[in-house]
$ cat target.cif   # mmCIF, C-alpha atoms and all ligand atoms
data_entry
loop_
_atom_site.group_PDB
_atom_site.id
_atom_site.type_symbol
_atom_site.label_atom_id
_atom_site.label_comp_id
_atom_site.auth_asym_id
_atom_site.auth_seq_id
_atom_site.Cartn_x
_atom_site.Cartn_y
_atom_site.Cartn_z
ATOM 1 C CA MET C 16 0.000 0.000 0.000
ATOM 2 C CA GLU C 17 1.321 3.388 -0.951
ATOM 3 C CA LEU C 18 -0.131 6.840 -0.429
ATOM 4 C CA GLU C 19 1.363 9.461 -2.652
ATOM 5 C CA MET C 20 0.793 13.196 -2.543
ATOM 6 C CA ASN C 21 1.576 15.304 -5.560
ATOM 7 C CA ASN C 22 1.748 19.065 -5.318
ATOM 8 C CA LEU C 23 -0.867 18.879 -2.555
ATOM 9 C CA THR C 24 -2.081 22.365 -1.684
ATOM 10 C CA LYS C 25 -4.937 23.777 0.368
ATOM 11 C CA LYS C 26 -5.893 27.420 0.373
ATOM 12 C CA PHE C 27 -8.491 29.148 2.509
ATOM 13 C CA GLY C 28 -9.189 32.319 0.561
ATOM 14 C CA ASP C 29 -5.821 34.019 0.092
ATOM 15 C CA PHE C 30 -4.202 32.005 2.841
ATOM 16 C CA THR C 31 -2.279 28.856 1.916
ATOM 17 C CA ALA C 32 -2.478 26.381 4.809
ATOM 18 C CA VAL C 33 -0.744 23.475 2.993
ATOM 19 C CA LYS C 34 1.818 24.223 0.302
ATOM 20 C CA GLN C 35 2.665 21.945 -2.592
ATOM 21 C CA LEU C 36 3.499 18.788 -0.689
ATOM 22 C CA ASN C 37 5.168 15.994 -2.608
ATOM 23 C CA LEU C 38 5.414 13.021 -0.291
ATOM 24 C CA SER C 39 4.855 9.327 -0.193
ATOM 25 C CA MET C 40 4.064 6.878 2.579
ATOM 26 C CA THR C 41 4.225 3.119 2.622
ATOM 27 C CA ARG C 42 4.048 1.130 5.832
ATOM 28 C CA GLY C 43 5.210 2.047 9.306
ATOM 29 C CA VAL C 44 4.717 5.051 11.538
ATOM 30 C CA TYR C 45 5.022 8.586 10.211
ATOM 31 C CA GLY C 46 5.254 11.348 12.783
ATOM 32 C CA LEU C 47 4.022 14.768 11.752
ATOM 33 C CA LEU C 48 5.565 17.289 14.098
ATOM 34 C CA GLY C 49 4.830 20.986 14.101
ATOM 35 C CA LYS C 50 3.652 23.940 16.111
ATOM 36 C CA ASN C 51 0.046 25.094 16.389
ATOM 37 C CA GLY C 52 -1.242 26.278 13.041
ATOM 38 C CA ALA C 53 1.461 24.523 10.983
ATOM 39 C CA GLY C 54 -1.163 22.898 8.748
ATOM 40 C CA LYS C 55 -1.185 19.383 10.242
ATOM 41 C CA THR C 56 -4.958 19.070 10.665
ATOM 42 C CA THR C 57 -5.645 20.518 7.216
ATOM 43 C CA PHE C 58 -3.215 18.020 5.688
ATOM 44 C CA MET C 59 -4.734 15.088 7.592
ATOM 45 C CA ARG C 60 -8.305 16.078 6.725
ATOM 46 C CA MET C 61 -7.359 15.998 3.044
ATOM 47 C CA LEU C 62 -5.896 12.518 3.530
ATOM 48 C CA CYS C 63 -9.254 11.471 4.982
ATOM 49 C CA THR C 64 -11.162 13.055 2.037
ATOM 50 C CA LEU C 65 -12.890 15.484 4.418
ATOM 51 C CA LEU C 66 -11.317 18.484 2.675
ATOM 52 C CA THR C 67 -10.720 18.746 -1.037
ATOM 53 C CA PRO C 68 -7.309 19.997 -2.139
ATOM 54 C CA THR C 69 -7.151 23.324 -3.950
ATOM 55 C CA GLU C 70 -4.400 21.873 -6.123
ATOM 56 C CA GLY C 71 -2.664 18.534 -6.478
ATOM 57 C CA ASN C 72 -3.839 15.050 -5.644
ATOM 58 C CA ILE C 73 -3.518 12.088 -3.301
ATOM 59 C CA LEU C 74 -3.121 8.645 -4.803
ATOM 60 C CA CYS C 75 -3.629 5.318 -3.054
ATOM 61 C CA ASP C 76 -1.734 2.671 -4.994
ATOM 62 C CA GLY C 77 -2.005 4.953 -7.998
ATOM 63 C CA ARG C 78 -5.720 5.764 -7.673
ATOM 64 C CA ASP C 79 -7.150 9.152 -6.732
ATOM 65 C CA ILE C 80 -8.583 8.739 -3.211
ATOM 66 C CA PHE C 81 -11.396 11.202 -3.960
ATOM 67 C CA LYS C 82 -12.624 8.859 -6.676
ATOM 68 C CA MET C 83 -12.408 5.694 -4.568
ATOM 69 C CA GLU C 84 -15.160 6.777 -2.142
ATOM 70 C CA GLY C 85 -16.374 3.885 0.067
ATOM 71 C CA GLU C 86 -13.523 1.678 -1.044
ATOM 72 C CA TYR C 87 -10.983 4.133 0.381
ATOM 73 C CA ARG C 88 -12.943 4.709 3.581
ATOM 74 C CA LYS C 89 -12.904 0.958 4.239
ATOM 75 C CA LEU C 90 -9.118 1.166 4.368
ATOM 76 C CA LEU C 91 -9.144 4.175 6.662
ATOM 77 C CA GLY C 92 -9.269 4.780 10.413
ATOM 78 C CA TYR C 93 -9.285 8.375 11.636
ATOM 79 C CA LEU C 94 -9.095 10.093 14.977
ATOM 80 C CA PRO C 95 -9.986 13.752 14.443
ATOM 81 C CA GLN C 96 -8.641 16.406 16.780
ATOM 82 C CA ASP C 97 -12.122 17.069 18.159
ATOM 83 C CA PHE C 98 -13.944 13.860 17.647
ATOM 84 C CA GLY C 99 -17.689 13.847 18.110
ATOM 85 C CA PHE C 100 -18.703 11.378 20.769
ATOM 86 C CA TYR C 101 -22.063 10.349 22.075
ATOM 87 C CA PRO C 102 -22.308 11.650 25.650
ATOM 88 C CA GLU C 103 -25.115 9.374 26.788
ATOM 89 C CA PHE C 104 -23.551 6.209 25.340
ATOM 90 C CA THR C 105 -21.413 3.986 27.506
ATOM 91 C CA VAL C 106 -17.926 3.428 26.144
ATOM 92 C CA ARG C 107 -18.844 -0.125 25.151
ATOM 93 C CA ASP C 108 -22.042 0.954 23.369
ATOM 94 C CA TYR C 109 -20.205 3.761 21.614
ATOM 95 C CA LEU C 110 -17.636 1.305 20.231
ATOM 96 C CA LEU C 111 -20.357 -1.194 19.252
ATOM 97 C CA TYR C 112 -22.161 1.629 17.488
ATOM 98 C CA ILE C 113 -19.018 2.601 15.543
ATOM 99 C CA ALA C 114 -18.535 -1.071 14.678
ATOM 100 C CA SER C 115 -22.045 -1.229 13.237
ATOM 101 C CA ILE C 116 -21.470 1.931 11.167
ATOM 102 C CA LYS C 117 -18.317 0.322 9.828
ATOM 103 C CA GLY C 118 -20.321 -2.754 8.862
ATOM 104 C CA LEU C 119 -18.887 -5.308 11.296
ATOM 105 C CA PRO C 120 -21.232 -8.252 11.982
ATOM 106 C CA PRO C 121 -22.512 -8.192 15.618
ATOM 107 C CA ALA C 122 -20.421 -11.129 16.863
ATOM 108 C CA VAL C 123 -17.240 -9.688 15.336
ATOM 109 C CA ALA C 124 -18.110 -6.232 16.699
ATOM 110 C CA LYS C 125 -18.463 -7.613 20.221
ATOM 111 C CA LYS C 126 -15.128 -9.409 20.056
ATOM 112 C CA ARG C 127 -13.313 -6.437 18.516
ATOM 113 C CA THR C 128 -14.814 -4.022 21.068
ATOM 114 C CA LYS C 129 -13.547 -6.233 23.889
ATOM 115 C CA GLU C 130 -10.069 -6.410 22.353
ATOM 116 C CA LEU C 131 -9.901 -2.657 21.840
ATOM 117 C CA LEU C 132 -11.158 -1.817 25.328
ATOM 118 C CA ALA C 133 -8.268 -3.892 26.662
ATOM 119 C CA ALA C 134 -5.774 -2.424 24.199
ATOM 120 C CA VAL C 135 -6.490 1.170 25.237
ATOM 121 C CA GLY C 136 -6.898 0.355 28.930
ATOM 122 C CA LEU C 137 -10.591 1.176 29.179
ATOM 123 C CA GLU C 138 -11.914 -2.277 30.229
ATOM 124 C CA LYS C 139 -12.722 -1.007 33.711
ATOM 125 C CA TYR C 140 -14.681 1.919 32.280
ATOM 126 C CA ALA C 141 -16.595 0.043 29.577
ATOM 127 C CA GLY C 142 -19.913 0.701 31.352
ATOM 128 C CA ARG C 143 -19.209 4.387 32.035
ATOM 129 C CA LYS C 144 -21.004 7.041 30.015
ATOM 130 C CA MET C 145 -18.815 8.882 27.526
ATOM 131 C CA LYS C 146 -19.693 12.233 29.102
ATOM 132 C CA LYS C 147 -18.240 11.037 32.426
ATOM 133 C CA LEU C 148 -14.820 10.174 30.985
ATOM 134 C CA SER C 149 -11.751 12.313 31.594
ATOM 135 C CA GLY C 150 -10.130 14.041 28.584
ATOM 136 C CA GLY C 151 -7.440 11.356 28.330
ATOM 137 C CA MET C 152 -10.008 8.545 28.546
ATOM 138 C CA LYS C 153 -12.090 10.119 25.764
ATOM 139 C CA ARG C 154 -8.978 10.289 23.649
ATOM 140 C CA ARG C 155 -8.384 6.569 24.299
ATOM 141 C CA ALA C 156 -11.964 5.778 23.262
ATOM 142 C CA GLY C 157 -11.264 7.835 20.122
ATOM 143 C CA ILE C 158 -8.134 5.819 19.374
ATOM 144 C CA ALA C 159 -10.125 2.589 19.833
ATOM 145 C CA GLN C 160 -12.870 3.677 17.405
ATOM 146 C CA ALA C 161 -10.259 4.645 14.801
ATOM 147 C CA MET C 162 -8.754 1.141 14.984
ATOM 148 C CA MET C 163 -12.094 -0.692 14.894
ATOM 149 C CA ASN C 164 -11.970 -1.987 11.305
ATOM 150 C CA HIS C 165 -8.250 -2.949 11.363
ATOM 151 C CA PRO C 166 -7.598 -0.054 8.984
ATOM 152 C CA LYS C 167 -4.702 -0.318 6.565
ATOM 153 C CA ILE C 168 -4.291 3.450 6.898
ATOM 154 C CA LEU C 169 -4.598 4.958 10.363
ATOM 155 C CA ILE C 170 -4.595 8.732 10.744
ATOM 156 C CA LEU C 171 -4.439 10.132 14.251
ATOM 157 C CA ASP C 172 -4.633 13.866 14.896
ATOM 158 C CA GLU C 173 -2.960 14.543 18.237
ATOM 159 C CA PRO C 174 -3.787 11.138 19.701
ATOM 160 C CA THR C 175 -1.816 11.714 22.882
ATOM 161 C CA ALA C 176 -3.425 15.005 23.934
ATOM 162 C CA GLY C 177 -4.394 14.611 27.581
ATOM 163 C CA LEU C 178 -2.764 11.205 28.087
ATOM 164 C CA ASP C 179 -0.695 10.712 31.225
ATOM 165 C CA PRO C 180 2.863 9.315 30.973
ATOM 166 C CA ASN C 181 1.780 5.680 31.489
ATOM 167 C CA GLU C 182 -0.881 6.033 28.848
ATOM 168 C CA ARG C 183 1.573 7.590 26.417
ATOM 169 C CA ILE C 184 3.777 4.514 26.789
ATOM 170 C CA ARG C 185 0.806 2.193 26.339
ATOM 171 C CA PHE C 186 -0.194 4.161 23.243
ATOM 172 C CA ARG C 187 3.314 3.968 21.757
ATOM 173 C CA ASN C 188 3.411 0.198 22.241
ATOM 174 C CA LEU C 189 -0.051 -0.221 20.763
ATOM 175 C CA ILE C 190 0.833 1.788 17.672
ATOM 176 C CA SER C 191 4.197 0.055 17.185
ATOM 177 C CA GLU C 192 2.490 -3.311 17.210
ATOM 178 C CA PHE C 193 -0.390 -2.150 15.023
ATOM 179 C CA SER C 194 1.832 -0.549 12.400
ATOM 180 C CA GLU C 195 3.727 -3.702 11.465
ATOM 181 C CA ASP C 196 1.926 -4.133 8.156
ATOM 182 C CA ARG C 197 0.015 -0.853 8.064
ATOM 183 C CA LEU C 198 0.507 2.821 7.564
ATOM 184 C CA VAL C 199 0.081 5.114 10.554
ATOM 185 C CA LEU C 200 0.333 8.891 10.398
ATOM 186 C CA LEU C 201 0.138 10.741 13.671
ATOM 187 C CA SER C 202 0.448 14.397 14.440
ATOM 188 C CA THR C 203 1.753 15.837 17.640
ATOM 189 C CA HIS C 204 3.772 18.662 19.076
ATOM 190 C CA ILE C 205 5.290 16.341 21.630
ATOM 191 C CA VAL C 206 8.636 15.093 20.394
ATOM 192 C CA SER C 207 8.813 12.029 22.652
ATOM 193 C CA ASP C 208 5.546 10.700 21.163
ATOM 194 C CA VAL C 209 7.282 9.975 17.886
ATOM 195 C CA GLU C 210 10.956 9.787 18.825
ATOM 196 C CA TYR C 211 10.901 6.047 19.509
ATOM 197 C CA ILE C 212 8.166 4.742 17.237
ATOM 198 C CA ALA C 213 8.208 6.801 14.045
ATOM 199 C CA ASN C 214 10.157 5.378 11.127
ATOM 200 C CA ASP C 215 9.937 8.716 9.433
ATOM 201 C CA ILE C 216 9.457 12.151 10.931
ATOM 202 C CA TRP C 217 8.099 15.105 9.010
ATOM 203 C CA LEU C 218 8.681 18.519 10.479
ATOM 204 C CA MET C 219 5.941 20.839 9.284
ATOM 205 C CA ASN C 220 6.024 24.608 9.398
ATOM 206 C CA GLU C 221 3.702 27.088 7.716
ATOM 207 C CA GLY C 222 2.212 24.435 5.451
ATOM 208 C CA GLU C 223 5.545 23.011 4.298
ATOM 209 C CA ILE C 224 7.621 19.995 5.286
ATOM 210 C CA VAL C 225 10.855 21.677 6.289
ATOM 211 C CA ARG C 226 12.704 18.481 7.168
ATOM 212 C CA GLN C 227 12.021 14.807 6.690
ATOM 213 C CA GLY C 228 13.926 11.727 7.783
ATOM 214 C CA THR C 229 14.387 9.008 10.354
ATOM 215 C CA PRO C 230 14.860 10.257 13.921
ATOM 216 C CA LYS C 231 18.574 9.424 13.497
ATOM 217 C CA GLN C 232 18.911 11.397 10.262
ATOM 218 C CA ILE C 233 17.213 14.385 11.822
ATOM 219 C CA THR C 234 19.395 14.372 14.919
ATOM 220 C CA GLU C 235 22.486 13.841 12.759
ATOM 221 C CA SER C 236 21.555 16.957 10.789
ATOM 222 C CA MET C 237 21.961 18.827 14.091
ATOM 223 C CA LYS C 238 25.689 18.029 14.382
ATOM 224 C CA GLN C 239 27.684 21.087 15.436
ATOM 225 C CA LYS C 240 24.494 22.938 16.238
ATOM 226 C CA VAL C 241 24.056 21.938 19.882
ATOM 227 C CA TRP C 242 26.460 23.133 22.551
ATOM 228 C CA GLU C 243 26.792 23.083 26.291
ATOM 229 C CA CYS C 244 28.624 25.515 28.473
ATOM 230 C CA LEU C 245 28.801 26.567 32.083
ATOM 231 C CA VAL C 246 28.296 30.304 32.452
ATOM 232 C CA GLU C 247 27.810 32.775 35.253
ATOM 233 C CA LYS C 248 24.194 33.565 35.963
ATOM 234 C CA ARG C 249 24.574 37.153 34.785
ATOM 235 C CA ALA C 250 25.863 36.014 31.378
ATOM 236 C CA VAL C 251 22.652 34.101 30.574
ATOM 237 C CA PRO C 252 20.540 37.031 29.248
ATOM 238 C CA LEU C 253 23.280 37.992 26.754
ATOM 239 C CA LEU C 254 23.562 34.400 25.546
ATOM 240 C CA ALA C 255 19.764 34.187 25.161
ATOM 241 C CA ARG C 256 19.751 37.347 23.068
ATOM 242 C CA GLN C 257 22.224 35.759 20.671
ATOM 243 C CA TYR C 258 21.126 32.117 20.560
ATOM 244 C CA LYS C 259 18.237 29.761 21.159
ATOM 245 C CA ILE C 260 18.564 28.170 24.589
ATOM 246 C CA SER C 261 17.175 24.657 24.816
ATOM 247 C CA ASN C 262 17.852 24.019 28.481
ATOM 248 C CA MET C 263 19.335 25.598 31.591
ATOM 249 C CA LYS C 264 20.281 24.080 34.900
ATOM 250 C CA ALA C 265 21.668 26.085 37.779
ATOM 251 C CA ASP C 266 24.308 24.535 40.018
ATOM 252 C CA THR C 267 26.687 25.868 42.601
ATOM 253 C CA GLN C 268 29.276 26.871 39.997
ATOM 254 C CA GLY C 269 26.925 28.729 37.663
ATOM 255 C CA VAL C 270 24.386 27.807 35.044
ATOM 256 C CA GLN C 271 24.782 24.859 32.714
ATOM 257 C CA VAL C 272 23.306 26.082 29.430
ATOM 258 C CA ARG C 273 22.369 24.079 26.331
ATOM 259 C CA VAL C 274 22.546 26.295 23.280
ATOM 260 C CA ILE C 275 21.294 25.799 19.704
ATOM 261 C CA ALA C 276 23.704 27.646 17.438
ATOM 262 C CA GLY C 277 25.275 27.192 14.021
ATOM 263 C CA GLU C 278 28.602 28.295 15.486
ATOM 264 C CA LYS C 279 30.429 27.682 18.736
ATOM 265 C CA PRO C 280 28.731 30.134 21.084
ATOM 266 C CA ALA C 281 31.743 30.511 23.418
ATOM 267 C CA GLU C 282 35.391 29.472 23.421
ATOM 268 C CA TYR C 283 34.819 27.003 26.231
ATOM 269 C CA ALA C 284 31.516 25.578 24.887
ATOM 270 C CA LYS C 285 31.490 21.831 24.199
ATOM 271 C CA GLU C 286 29.570 20.159 21.432
ATOM 272 C CA ALA C 287 26.647 18.136 22.819
ATOM 273 C CA VAL C 288 24.935 15.039 21.451
ATOM 274 C CA PRO C 289 21.844 16.423 19.667
ATOM 275 C CA SER C 290 18.353 15.192 20.439
ATOM 276 C CA LEU C 291 15.150 15.394 18.442
ATOM 277 C CA GLU C 292 13.974 17.979 20.945
ATOM 278 C CA ASP C 293 16.926 20.164 19.896
ATOM 279 C CA ALA C 294 15.904 19.773 16.242
ATOM 280 C CA PHE C 295 12.345 20.782 17.088
ATOM 281 C CA LEU C 296 13.664 23.904 18.761
ATOM 282 C CA TYR C 297 16.067 24.607 15.911
ATOM 283 C CA TYR C 298 13.259 24.525 13.332
ATOM 284 C CA PHE C 299 10.352 25.807 15.360
ATOM 285 C CA GLY C 300 11.707 27.592 18.425
ATOM 286 C CA GLU C 301 11.284 31.287 18.981
ATOM 287 C CA GLU C 302 14.090 33.346 17.525
ATOM 288 C CA ALA C 303 17.023 34.194 19.767
ATOM 289 C CA GLY C 304 16.425 37.418 21.608
ATOM 290 C CA ASP C 305 12.760 36.705 22.061
ATOM 291 C CA ASN C 306 11.942 36.161 25.717
ATOM 292 C CA HIS C 307 10.077 32.995 24.841
ATOM 293 C CA GLY C 308 13.371 31.585 23.597
ATOM 294 C CA ILE C 309 14.416 30.944 27.190
ATOM 295 C CA LEU C 310 12.631 27.799 28.182
HETATM 296 N N1 LIG C 401 -11.534 26.476 7.542
HETATM 297 C C1 LIG C 401 -10.523 27.338 7.635
HETATM 298 N N2 LIG C 401 -10.626 28.597 7.166
HETATM 299 C C2 LIG C 401 -9.598 29.463 7.241
HETATM 300 N N3 LIG C 401 -8.396 29.167 7.774
HETATM 301 C C3 LIG C 401 -8.220 27.926 8.252
HETATM 302 C C4 LIG C 401 -9.265 26.953 8.223
HETATM 303 N N4 LIG C 401 -8.795 25.809 8.765
HETATM 304 C C5 LIG C 401 -7.517 26.065 9.136
HETATM 305 N N5 LIG C 401 -7.184 27.330 8.837
HETATM 306 C C6 LIG C 401 -5.875 27.955 9.064
HETATM 307 O O1 LIG C 401 -4.890 27.137 8.467
HETATM 308 C C7 LIG C 401 -3.716 27.094 9.286
HETATM 309 C C8 LIG C 401 -3.391 25.655 9.607
HETATM 310 O O2 LIG C 401 -4.368 25.145 10.500
HETATM 311 P P1 LIG C 401 -4.346 23.643 11.004
HETATM 312 O O3 LIG C 401 -5.513 23.438 11.894
HETATM 313 O O4 LIG C 401 -4.212 22.763 9.834
HETATM 314 O O5 LIG C 401 -2.985 23.623 11.839
HETATM 315 P P2 LIG C 401 -2.421 22.534 12.869
HETATM 316 O O6 LIG C 401 -0.994 22.325 12.526
HETATM 317 O O7 LIG C 401 -3.315 21.345 12.870
HETATM 318 O O8 LIG C 401 -2.522 23.293 14.254
HETATM 319 P P3 LIG C 401 -2.879 22.728 15.727
HETATM 320 O O9 LIG C 401 -1.675 22.008 16.220
HETATM 321 O O10 LIG C 401 -3.147 23.994 16.474
HETATM 322 O O11 LIG C 401 -4.091 21.877 15.568
HETATM 323 C C9 LIG C 401 -4.024 27.944 10.516
HETATM 324 O O12 LIG C 401 -3.466 29.233 10.305
HETATM 325 C C10 LIG C 401 -5.528 28.005 10.547
HETATM 326 O O13 LIG C 401 -5.967 29.206 11.141
#
$ encode --input "target.cif" --output "C-alpha cells"
Amino acid sequence: MELEMNNLTKKFGDFTAVKQLNLSMTRGVYGLLGKNGAGKTTFMRMLCTLLTPTEGNILCDGRDIFKMEGEYRKLLGYLPQDFGFYPEFTVRDYLLYIASIKGLPPAVAKKRTKELLAAVGLEKYAGRKMKKLSGGMKRRAGIAQAMMNHPKILILDEPTAGLDPNERIRFRNLISEFSEDRLVLLSTHIVSDVEYIANDIWLMNEGEIVRQGTPKQITESMKQKVWECLVEKRAVPLLARQYKISNMKADTQGVQVRVIAGEKPAEYAKEAVPSLEDAFLYYFGEEAGDNHGIL
C-alpha cells in the first residue's frame, strides 16, 4: 500500500495552509511534528477526504482517493482532533455503534470491542457514560474507534493530547504493534511521542515539510548545532539574546546552558549530542532574543 501526494495544496481564501506537498508513505509510523497552526490538521483532513485539495492530488496505490469513495474509507481509520462522541452512550455501546457503522457483523463487533477496550486500557470503564470520561479517557476511546476496522491506513490527529505518561507509553506500544503491516500517520507537538516509534518524521512549518527523515537522520543533521557551556548567571541574558537556549540548569558553579547555534557560542563551549527535541527547537523555536526563547 502506498499513499502518494503530488503538489498537494490547500488554500483558505488568500491564505495557503498546505503548500505543494510531494510526499509518499508506505508502511510504518510517520510522525508529523509541528507547532500550532502549521497545517497538520488541514493536511490530515485531506488525507481522509474530508477536505478537497485546492491543487494537487492524493493517490492510493495509484488511484485518486477522492474517486475511490467507500472503497478508500474501508481502508481508513481516523481520529480527528475534536472527535464527536455520544455523551449518553457507555464506552462499550459507543464502540459497538461505531462497529455497526463500519459494517462489522454483531459477533465480530463484540469481540473487537472487547479487544480494543483492553488495548487502550478502558476495560474497567466500559460501562461508564462517555460524558463522564476524563479528557485522556475520551482520547483513548477515540483511538479505539479509529482502529475498529483494522484499517490499513490509520490517521491520528494529536492522539496523545491529555494522556498521562503511562498512557503515552501504552499508546506507543499499541501503535508500534499495530503498524507492522500498516501505515500510521500521527500528528503531535510532543517530540517524545514519535521519537521512539516513528520510522519517518516530518517537520511541518507554515504548510511546508521543512525536514524529513528518520529520527537518526534528523538528529544527525543537528551536528555542530548543539552546545553546552557553564556560564555565570549574569551572562545568561546575553547568551539568550544571541542564541536559542534549549535548556538551563543552575548549580553551585553557575548555570549549565544548552545552546542551539550554528557556530560555537563561546570558546569554552562543548559540542553536545543532539536530540530530536533540539531539532524541534532549531526549526520551530522562537528566535534568539525573544523572551520565549528561554525555556
Ligand atoms: N476552515 C478554515 N478557514 C480558514 N483558515 C483555516 C481553516 N482551517 C484552518 N485554517 C488555518 O490554516 C492554518 C493551519 O491550520 P491547522 O488546523 O491545519 O494547523 P495545525 O498544525 O493542525 O494546528 P494545531 O496544532 O493547532 O491543531 C491555521 O493558520 C488556521 O488558522
$ axis_aligned_box --input "target.cif" --around "ligand LIG 401 (chain C)" --padding-each-side "5 Å" --output "JSON"
{"center_x": -6.3, "center_y": 25.4, "center_z": 11.8, "size_x": 20.5, "size_y": 18.1, "size_z": 19.3}
$ resolve_selection --input "target.cif" --expression "the PyMOL selection byres (((chain C and resi 90-93) around 8) and not hetatm)" --output "JSON, numbers by chain"
{"C": [63, 86, 87, 88, 89, 94, 95, 160, 161, 162, 163, 164, 165, 166, 167, 168, 169, 170, 171, 172]}
$ resolve_selection --input "target.cif" --expression "the PyMOL selection byres (((not hetatm)) within 10 of (chain C and resi 401))" --output "VMD selection string"
chain C and resid 25 to 33 47 to 60 66 96 to 97 172 to 173 202 to 204 219 to 222
$ closest_residue --input "target.cif" --among "C:Val246, C:Leu189, C:Val225, C:Ala141" --to "Lys264 (chain C)" --atoms "all atoms listed in the file"
C:Val246
$ resolve_selection --input "target.cif" --expression "the PyMOL selection byres (((chain C and resi 143) around 12) and not hetatm)" --output "count of residues only"
24
$ closest_residue --input "target.cif" --among "C:Gln271, C:Gln239, C:Gln35, C:Asn181" --to "Leu254 (chain C)" --atoms "all atoms listed in the file"
C:Gln271
$ closest_residue --input "target.cif" --among "C:Leu131, C:Leu62, C:Ile233, C:Leu245" --to "Ala281 (chain C)" --atoms "all atoms listed in the file"
C:Leu245
$ atom_distance --input "target.cif" --atom1 "CA of Leu200 (chain C)" --atom2 "CA of Tyr45 (chain C)"
4.7 Å
$ residues_around --input "target.cif" --residues "Leu23 (chain C)" --least-positions-apart "2" --cutoff "9 Å" --atoms "all atoms listed in the file" --output "list in words"
Met20, Asn21, Lys25, Val33, Lys34, Gln35, Leu36, Asn37, Leu38, Phe58, Pro68, Thr69, Glu70, Gly71, Asn72 and Ile73 of chain C
